[in-house]
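To start, the structure under review is shown below, and the notes come after it.
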Amino acid sequence: MKQYYILIVLYMHNRILEADTVNSNEAVYGNYGLLYTNEGYIYSIPKECSKLLDEFAESASNFTMCSIKHARPISFCEKCVDYYKDFSIKYKNLTTKDINGTSCKAVFISNDRLEVVLEYYNGIMSLWNKGNCNACFDWTKEPTELSNNVKHFNQMYNSTMQCIDHWKPSTNSSEVCEQCMQNYLELNNFYNNMSTDSVGLEGVCVDVVDSMNASRYIWSKTLNCCKLRQSPETVFLVCTGIIASLPLIFYLTVRFCGPIRDLPKVLKQSRFKQTILRSVNARIN
Amino acid sequence: MSNSSSSATNANISESTSDTAQLISNDDASTSNYTQLNKSNFEDSDEDELHGSHGIRRRRPKQKIEPGSMNVLSAKYESLDYDTCENHLLLDEERKRGYPYIVWKDIARWFIILLIGIVTALIAFVIDVCIEEFSKIKYSALKKSVDKYVLEDRLYIPYLLWVLSNIGIVFIGSMLVAFVEPVAAGSGIPQVKCYLNGVKVPRVVRIKTLIVKTVGVITAVVGGLAGGKEGPMIHSGSVVAAGISQGKSTTFNKDLKIFQYFREDHEKRDFVSAGAAAGVSAAFGAPIGGVLFSLEEGTSFWNQALTWRTFFGTVVSTFTLNCALSAYHGRAGELSYPGLLNLGKMEPFPFQFYELPVFMFFGAVGGLLGALWNYINYKLAVFRIRHIGAPWLRVVEACLVAAASATCGFLMMFLLNDCRPLGEDPTKVPLQLYCADGEYNALAAIWFQTPEASVRSFLHDPIGSYKPWSIFLFVVCYFLLSTWTFGLAVSSGLFIPNLLTGAAWGRLLAILIQYMLPSNTINPAKYALVGAAAQLGGVVRMTISLTVIIIETTGQISNALPIIITLVVAKWVGDFFNEGIYDIHIQLAAVPLLPWEPPPLAHNIYASEVMSHPVFTLRTVENVGHIVELLKLVSYNGFPVVDPPLADEAEVTTYKRLRGMMLRSQLIVLLQNKIYNENANTTWSNLKVDMNMFRKEYPRYPSIEELEISDWEKTCTIDLRPFMNPSPYTLPHRASLPRLFRLFRALGLRHLPIVNDVNEVVGMVTRKDIARYRVWRHRGHMGMEELILSTEV
């Protein structure tokens, strides 16, 4: 899905490029383009609305730029929150502004199939919501700042990373593990308690999820600190062996030691033919 | 012969008997009977035994039957009385009540169907919720334990915990099934099928069975066995229907005095078919599938009005279940909430023309695997019949299987380190085990949930969620576990385990196809669903109802065509090798089930060969002592009522003219109420002799041994004419087997007297006489065989 948004942005970019080429082509092909563009509709678009639209476009492009720049490692909730707020305000202005009985909303939205404004608004909103970014912030404060949980998490994350960074150069790799175990476990536990569900995604914003994933990856894959988990478990294997062989023993026991039951008898059916035959036989005898 | 002793003791009877009532007669013919008269030996009988009654030489008959043989019919099963007895009492009742009574009865019928739908759905809801909640508790506790002990290198603790919890839970259910109500074992669908076919399976629709079934299925699924809850739900629906429609419970000795007019086999069976349908609809959320299931698998006697009522019942059931479940999921009133679909909402998958052969291939694989599944299960069932008879052995076996299931699951998680990053796939209980932090063990996710949830995972997870190798091992394990589990002394069905196996191998094949065609995007959900359908179709061999059930449980009708194609091929391929699993179990139980069609090429078998010959008859006015002796001596349930003979000669076999039919149950009620001619003005002058007298005892009439008949009564007489059915269906002795069969099957008969040209009773045909001609079809060959009967199977 990440690609999808990148695609949108690329698409947007492409369109701008196209527009450029059209403009440059105008010089070559003369006035074959539409002459009545912009204010060219018979009733001109109010100046204020155009201005709002420009602002909206700028805020959207700011946010888009910011989000792409902070795509990896993901930190776009934290970094782009101001652009996001700006963007929502601009959109609100655009949709609520009323000039002499003509609302700007009516001018820009629900007029054609393409719905450029709405499309970009929805795209950005869904990107924001998909990252669960609202969960990162404490919206009651002004200016908006990171929520306490996230602040605390970042602190722990930083100290863990610092620790790893500090011990990493040491030749013995298990040294890092031992030294930073405490930090890492605290971080891990704190993270696990942040979410409401067992998987650890609900109610946690994507910045935190991504940093945690990264530190887990570094911890277990790069540093290979989870190898204490691998162990022979001989008792366990013996147990499974015993329990798995129980049914076999059971079946063999009942097969060879069970009581031999009397086989069911076949019933004689009484039929006309037999009756006749029998009585004939009886008479002959 | 064997009865000559009784003739000496009871001179009274020997006077009254004639040759057709073969109680005392010295005629050789009297030696033959299904049950009690079988004590004599037949040294001279080889000759006639060698000729099967349809002129084909049979194998040399054995005196003993190998246990586990499918070519036996048990003489213990009785039929239901589907035919209405048009005696004087019924005519009286009709005359008195008039049309308002009919209208009232119709309204009551709809009301009962409504109740059946609601109660069935509520039971299904209780089962659903209990399984869900108990599983959640169990698996969360296990997860905690694994998380804790995996670090301490003591993994055997959670393992033993799992094994013990499985055994403990299964033990409860298994004890209930083995000791309290053995008929509640298994899915219950074969039993319901037999009941709807017209065979009285003892205790199958009792409240005790319902309770054991409900508790049993919860314990089986929570206990981690490879079983499903769908079959038991269908059985529960049938019990509910049979219970509600009668307005009384014999178990609790409580008679609500309502719905008395439904206390007969005919009405009860109609309600049971509606109940089974409601059960399907509650199990799968499939109202149309339920009606079709009832039509395809069950009811032999179907009519338009019953279809419509059944449909009403299934819709009520689905509606009630969805109401209750939506409230449970916290979305009360949201009836189209996709979480209510059992197998999860399926997206419509596009398929191309060239994919149809792929679906056929899946169907063929499903048919082969299904046939193998049935074969293994059949062999196990035979082994169980032979060697595991004692209830406590069956409990031990069930517990061992529960332990083995846990072992299998834990070993797979332990040995296959199939790790997936958290959060990409929906998992409720992610277990890390040996995976890196932030990952979970994909196999643990499958094992640490109910089988139904696992089916959903296999159907809906993205293609990379499982490694092919782990799916392969899972398929092998679960295939064997599920066939091992079915037939244990626990109540669990086979729908979900087979869907799970099928979905797993369907997904495996999808991954293989993806490897072969890397450029195409393969939709694993499509092949998992088709695989699930194929596997289940290959085992149960249902077609139309299964298709509709799968469509309804996935909420997507546009996938119908691939599923239909798959199921048809699966059935064809499977039928080439053996029967459907339900039929195998019905045949092992030696139930005289009548198939849809009479045997082909059987027009040369005549009624005179099919019928049982010496008929026990009653005279229109019969002596009580004789009736009592007759009822004690034979196990028959229907007796032709005949005119008294003109001449009474023991030497010559004479037949007497048919006047009517009398049922054992009617005779018992008459004896019980002492409706004798001699005390007409004293004992029962105040007694209201009407239909309710007979309905009161239904369905459990006392046996003749339980009645106290004093000596003076034995000299009394009963006039049977007002009580007998004066116009039973009869056929001449030259009627062919297909004709007999169709009459039996279409009318749901229990007894069919065979008469000669002058309407004299020469023989009697019952269900077992017809059911013993069985057609077999295997590996491209077919033929007809004549089954043998036994009382001890």
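Residues in the structure tokens are numbered from 1 in each chain, the chains being A, B, ... in the order shown, and ligands are numbered from 1 in the order shown.
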Interface list for chain A, partner chain B, 6 Å threshold, only C-alpha atoms, as a ChimeraX atom specification: /A:216,220,229,236,240,244,247,254,263-267,269-272,275
Write a file of the just-selected residues containing C-alpha atoms, as a CSV table (one decimal), in the first residue's frame.
chain,number,residue,atom,x,y,z
A,216,ARG,CA,13.6,-5.7,17.3
A,220,SER,CA,17.3,-10.4,17.1
A,229,ARG,CA,15.9,-19.2,22.9
A,236,PHE,CA,10.2,-32.2,25.9
A,240,THR,CA,6.3,-36.3,23.0
A,244,ALA,CA,2.9,-40.4,20.8
A,247,PRO,CA,-2.0,-44.8,21.2
A,254,VAL,CA,-6.7,-54.2,22.7
A,263,LEU,CA,-19.5,-63.3,16.5
A,264,PRO,CA,-23.0,-62.3,15.7
A,265,LYS,CA,-25.2,-65.0,14.3
A,266,VAL,CA,-27.0,-64.8,11.0
A,267,LEU,CA,-30.7,-64.8,11.2
A,269,GLN,CA,-35.3,-65.5,7.2
A,270,SER,CA,-38.6,-67.1,6.5
A,271,ARG,CA,-39.5,-67.1,2.9
A,272,PHE,CA,-42.2,-68.7,0.9
A,275,THR,CA,-41.3,-73.1,3.3
All residues 7 Å or closer to Ser79 of chain B, only C-alpha atoms, same chain fewer than 5 positions away omitted, as an MDAnalysis selection string: chainID B and resid 198:200 750
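Contact shell of Lys674 of chain B at 10 Å (only C-alpha atoms; same-chain neighbours under 2 positions omitted): Val624, Ile668, Val669, Leu670, Leu671, Gln672, Tyr676, Asn677, Glu678, Asn679, Ala680, Thr683, Trp684, Ile709, Glu713, Cys716 and Ile718 of chain B.
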Residues from the last selection, N, CA and C atoms, saved as a PDB file, in the first residue's frame:
ATOM      1  N   VAL B 624     -57.852 -62.391  24.043  1.00  0.00           N
ATOM      2  CA  VAL B 624     -56.782 -61.617  24.679  1.00  0.00           C
ATOM      3  C   VAL B 624     -55.561 -62.495  24.930  1.00  0.00           C
ATOM      4  N   ILE B 668     -51.106 -52.886  22.337  1.00  0.00           N
ATOM      5  CA  ILE B 668     -50.617 -52.642  23.699  1.00  0.00           C
ATOM      6  C   ILE B 668     -51.541 -51.663  24.418  1.00  0.00           C
ATOM      7  N   VAL B 669     -51.898 -50.590  23.712  1.00  0.00           N
ATOM      8  CA  VAL B 669     -52.767 -49.598  24.353  1.00  0.00           C
ATOM      9  C   VAL B 669     -54.116 -50.217  24.688  1.00  0.00           C
ATOM     10  N   LEU B 670     -54.634 -51.043  23.796  1.00  0.00           N
ATOM     11  CA  LEU B 670     -55.921 -51.692  24.066  1.00  0.00           C
ATOM     12  C   LEU B 670     -55.825 -52.583  25.296  1.00  0.00           C
ATOM     13  N   LEU B 671     -54.737 -53.344  25.368  1.00  0.00           N
ATOM     14  CA  LEU B 671     -54.568 -54.228  26.523  1.00  0.00           C
ATOM     15  C   LEU B 671     -54.403 -53.421  27.806  1.00  0.00           C
ATOM     16  N   GLN B 672     -53.645 -52.341  27.669  1.00  0.00           N
ATOM     17  CA  GLN B 672     -53.360 -51.512  28.834  1.00  0.00           C
ATOM     18  C   GLN B 672     -54.643 -50.919  29.407  1.00  0.00           C
ATOM     19  N   TYR B 676     -61.974 -54.603  26.618  1.00  0.00           N
ATOM     20  CA  TYR B 676     -62.444 -55.934  26.258  1.00  0.00           C
ATOM     21  C   TYR B 676     -63.945 -55.896  25.989  1.00  0.00           C
ATOM     22  N   ASN B 677     -64.354 -56.811  25.182  1.00  0.00           N
ATOM     23  CA  ASN B 677     -65.794 -56.891  24.910  1.00  0.00           C
ATOM     24  C   ASN B 677     -66.563 -57.199  26.182  1.00  0.00           C
ATOM     25  N   GLU B 678     -65.947 -58.018  27.036  1.00  0.00           N
ATOM     26  CA  GLU B 678     -66.674 -58.510  28.204  1.00  0.00           C
ATOM     27  C   GLU B 678     -66.930 -57.422  29.234  1.00  0.00           C
ATOM     28  N   ASN B 679     -66.039 -56.437  29.324  1.00  0.00           N
ATOM     29  CA  ASN B 679     -66.284 -55.408  30.335  1.00  0.00           C
ATOM     30  C   ASN B 679     -66.631 -54.066  29.707  1.00  0.00           C
ATOM     31  N   ALA B 680     -67.253 -54.137  28.565  1.00  0.00           N
ATOM     32  CA  ALA B 680     -67.614 -52.905  27.857  1.00  0.00           C
ATOM     33  C   ALA B 680     -68.509 -52.016  28.708  1.00  0.00           C
ATOM     34  N   THR B 683     -65.790 -51.560  33.006  1.00  0.00           N
ATOM     35  CA  THR B 683     -64.495 -50.896  33.178  1.00  0.00           C
ATOM     36  C   THR B 683     -64.355 -49.656  32.308  1.00  0.00           C
ATOM     37  N   TRP B 684     -64.639 -49.813  31.032  1.00  0.00           N
ATOM     38  CA  TRP B 684     -64.361 -48.651  30.179  1.00  0.00           C
ATOM     39  C   TRP B 684     -65.610 -47.973  29.629  1.00  0.00           C
ATOM     40  N   ILE B 709     -51.285 -58.726  32.902  1.00  0.00           N
ATOM     41  CA  ILE B 709     -52.512 -59.318  32.383  1.00  0.00           C
ATOM     42  C   ILE B 709     -52.852 -60.493  33.297  1.00  0.00           C
ATOM     43  N   GLU B 713     -58.372 -62.270  32.405  1.00  0.00           N
ATOM     44  CA  GLU B 713     -58.436 -61.430  31.213  1.00  0.00           C
ATOM     45  C   GLU B 713     -58.149 -62.233  29.958  1.00  0.00           C
ATOM     46  N   CYS B 716     -60.910 -63.194  27.838  1.00  0.00           N
ATOM     47  CA  CYS B 716     -61.742 -62.146  27.229  1.00  0.00           C
ATOM     48  C   CYS B 716     -61.413 -62.009  25.749  1.00  0.00           C
ATOM     49  N   ILE B 718     -61.265 -59.127  22.331  1.00  0.00           N
ATOM     50  CA  ILE B 718     -61.246 -57.723  21.885  1.00  0.00           C
ATOM     51  C   ILE B 718     -61.771 -57.680  20.467  1.00  0.00           C
TER      52      ILE B 718
END
Glu705 of chain B surroundings by only C-alpha atoms, 10 Å radius, close-in-sequence under 3 positions cut, as a ChimeraX atom specification: /B:628,631-632,702,708-709
Non-local contacts of segment 127-130 of chain B (7 Å; only C-alpha atoms; under 3 positions in same chain excluded) as a PyMOL selection string: chain B and resi 123-124+133-134+214+218
Keeping N, CA and C atoms for every residue in the selection just given, could you write it to a file as a CSV table (one decimal), in the first residue's frame?
chain,number,residue,atom,x,y,z
B,123,ILE,N,-29.4,-22.6,20.9
B,123,ILE,CA,-28.5,-23.7,21.3
B,123,ILE,C,-27.2,-23.5,20.5
B,124,ALA,N,-27.3,-23.2,19.3
B,124,ALA,CA,-26.1,-23.0,18.4
B,124,ALA,C,-25.3,-21.9,19.0
B,133,GLU,N,-15.2,-18.8,24.0
B,133,GLU,CA,-14.7,-18.2,25.3
B,133,GLU,C,-13.7,-19.2,25.9
B,134,PHE,N,-14.2,-20.5,26.0
B,134,PHE,CA,-13.3,-21.4,26.6
B,134,PHE,C,-12.0,-21.6,25.9
B,214,THR,N,-24.7,-31.4,23.3
B,214,THR,CA,-24.3,-30.0,23.4
B,214,THR,C,-23.0,-29.9,24.2
B,218,ILE,N,-19.0,-29.1,22.8
B,218,ILE,CA,-18.2,-28.1,23.4
B,218,ILE,C,-16.8,-28.6,23.9
Residues within 7 Å of segment 461-475 of chain B, only C-alpha atoms, excluding chain neighbours under 5 positions, as number ranges by chain: B: 416, 418, 420, 425, 442, 501, 504-505, 508, 511, 524
Strand (DSSP E or B) per DSSP on the backbone: members of segment 515-673 of chain B, as a VMD selection string: chain B and resid 606 612 618 to 619 621 to 623 638 to 642 657 to 663
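Every protein, DNA or RNA residue with an atom at most 6 Å from segment 722-738 of chain B, where only C-alpha atoms count and chain neighbours fewer than 5 positions away do not, is listed here: Cys85, Glu86, Asn87, His88, Pro598, His603, Ile605, Tyr606, Ala607, Ser608, Gly660, Met661, Met662, Leu752, Pro753, Ile754, Val755 and Asn756 of chain B.
Between Met125 of chain A and the candidates A:Arg113, A:Lys85, A:His152, A:Lys221, the tightest atom-to-atom separation, counting only C-alpha atoms, involves A:Lys85.
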Helix (DSSP H, G or I) call set, DSSP backbone run, segment 157-224 of chain A, as a PyMOL selection string: chain A and resi 157-167+173-194+206-222
